[in-house]
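What follows is a short report on a single structure.
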Amino acid sequence: MPQPTEVSDFVKERLALIRGGLRLYKDLQPGDTAFVVIDMQNAFVAEGGVIEVPASREIIPVINRMAAACRELGVPVIWIRSHHPKGGSDWRHFFDHFVRPERREAAAAALSDDAPTSRFHPDMDIRDEDYIVFKNRYSCMIPGSSSLERLVRSLGCDTLLLAGTKTNICVESTARDAMMLDFRVVVLSDATAALTDEEHQASLNVLIQEFADILVTGEVLDELRANAGGADR
């Protein structure tokens with residue numbers, strides 16, 4: 001079943017009273033924006049994966065279309081790959097406490113560099129001009145997790161469009177930290193996925209209140225295309 005793309009009505013009503021509308025960041029500019037796709041790897045996306053998110057397969061076409069359009073607009077496309085040394089040695093706290101005992105070693109092995117499950121799902125349309133960033137925590141933005149912050153700042157981007165899986169874990173963690181590092185964050189609700197519709201929507205409800213705009217890919221692309229004439233790239 002497709003993930004819901006709408007924030008709950010009660011949250012919309014609350015925000016209308018508090019700040020008069022839903023959007024924080026209007027008039028998105030291609031030259032300021034990067035498209036960041038999180039964890040679309042076999043371990044999460046492939047059928048039967050040890051940490052499978054079945055709904056992530058449904059967002060593959062949306063992400064690929066978004067990536068293609070971003071390239072045409074000069075918007076950098078950045079693919080985030082979760083990665084751990086063999087045995088998950090750089091994050092045993094997670095594997096030892098947050099994964100069931102019988103699945104711990106399998107989960108750690110699934111994200112090691114030499115594991116086919118750690119590679120991007122073959123249906124993801126990754127091009128030579130795209131960027132690939134490795135991370136070893138949920139958030140791409142906490143110190144030591146990845147080089148994403150340095151990359152996007154060096155590219156001159158202050159606006160991040162987030163896609164991928166899981167909405168309520170790695171996407172949400174990255175969105176929270178990015179906002180607190182003064183990035184403008186947009187979470188694409190039709191290009192993100194969680195284990196259930198309820199978890200997906202709960203995350204959207206939290207993020208829109210304090211951390212990000214929640215938009216669908218079509219409206220973001222319409223806005224970026226309308227502003228493409230002034231883009232530097």
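Going by the structure tokens order, chains are called A, B, ..., each with residues numbered from 1, while ligands are numbered from 1 in the order shown.
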
Next item on the list: Find the residues near Phe44 in chain A: any atom within 8 Å, counting only C-alpha atoms, skip ones fewer than 4 places away on the same chain, and give them as a PyMOL selection string.
Entry: chain A and resi 39-40+49-54+56+165

Once you count only C-alpha atoms, what closest atom pair and distance in Å to one decimal does each residue of range 11-99 of chain A within 10 Å of range 188-202 of chain A have, with rows by chain and rising residue number, as a tab-separated table?
```
residue	atom	partner	partner_atom	distance
A:Val37	CA	A:Ala191	CA	8.9
A:Ile38	CA	A:Thr192	CA	9.0
A:Glu52	CA	A:Leu195	CA	8.5
A:Val53	CA	A:Leu195	CA	5.5
A:Pro54	CA	A:Leu195	CA	7.0
A:Ala55	CA	A:Ala193	CA	5.7
A:Ser56	CA	A:Ala193	CA	5.3
A:Arg57	CA	A:Ala193	CA	8.7
A:Glu58	CA	A:Ala193	CA	8.3
A:Ile59	CA	A:Ala191	CA	5.3
A:Ile60	CA	A:Ala191	CA	7.8
A:Pro61	CA	A:Ala191	CA	8.8
A:Val62	CA	A:Ala191	CA	5.9
A:Ile63	CA	A:Ala191	CA	5.8
A:Asn64	CA	A:Ala191	CA	9.5
A:Met66	CA	A:Ala191	CA	8.7
```

Next item on the list: For Asp90 in chain A, please output as number ranges by chain all residues within 12 Å (counting only C-alpha atoms; exclusion window: fewer than 2 positions along the same chain).
Entry: A: 83-88, 92-96, 108, 111-112, 135-137, 144-145
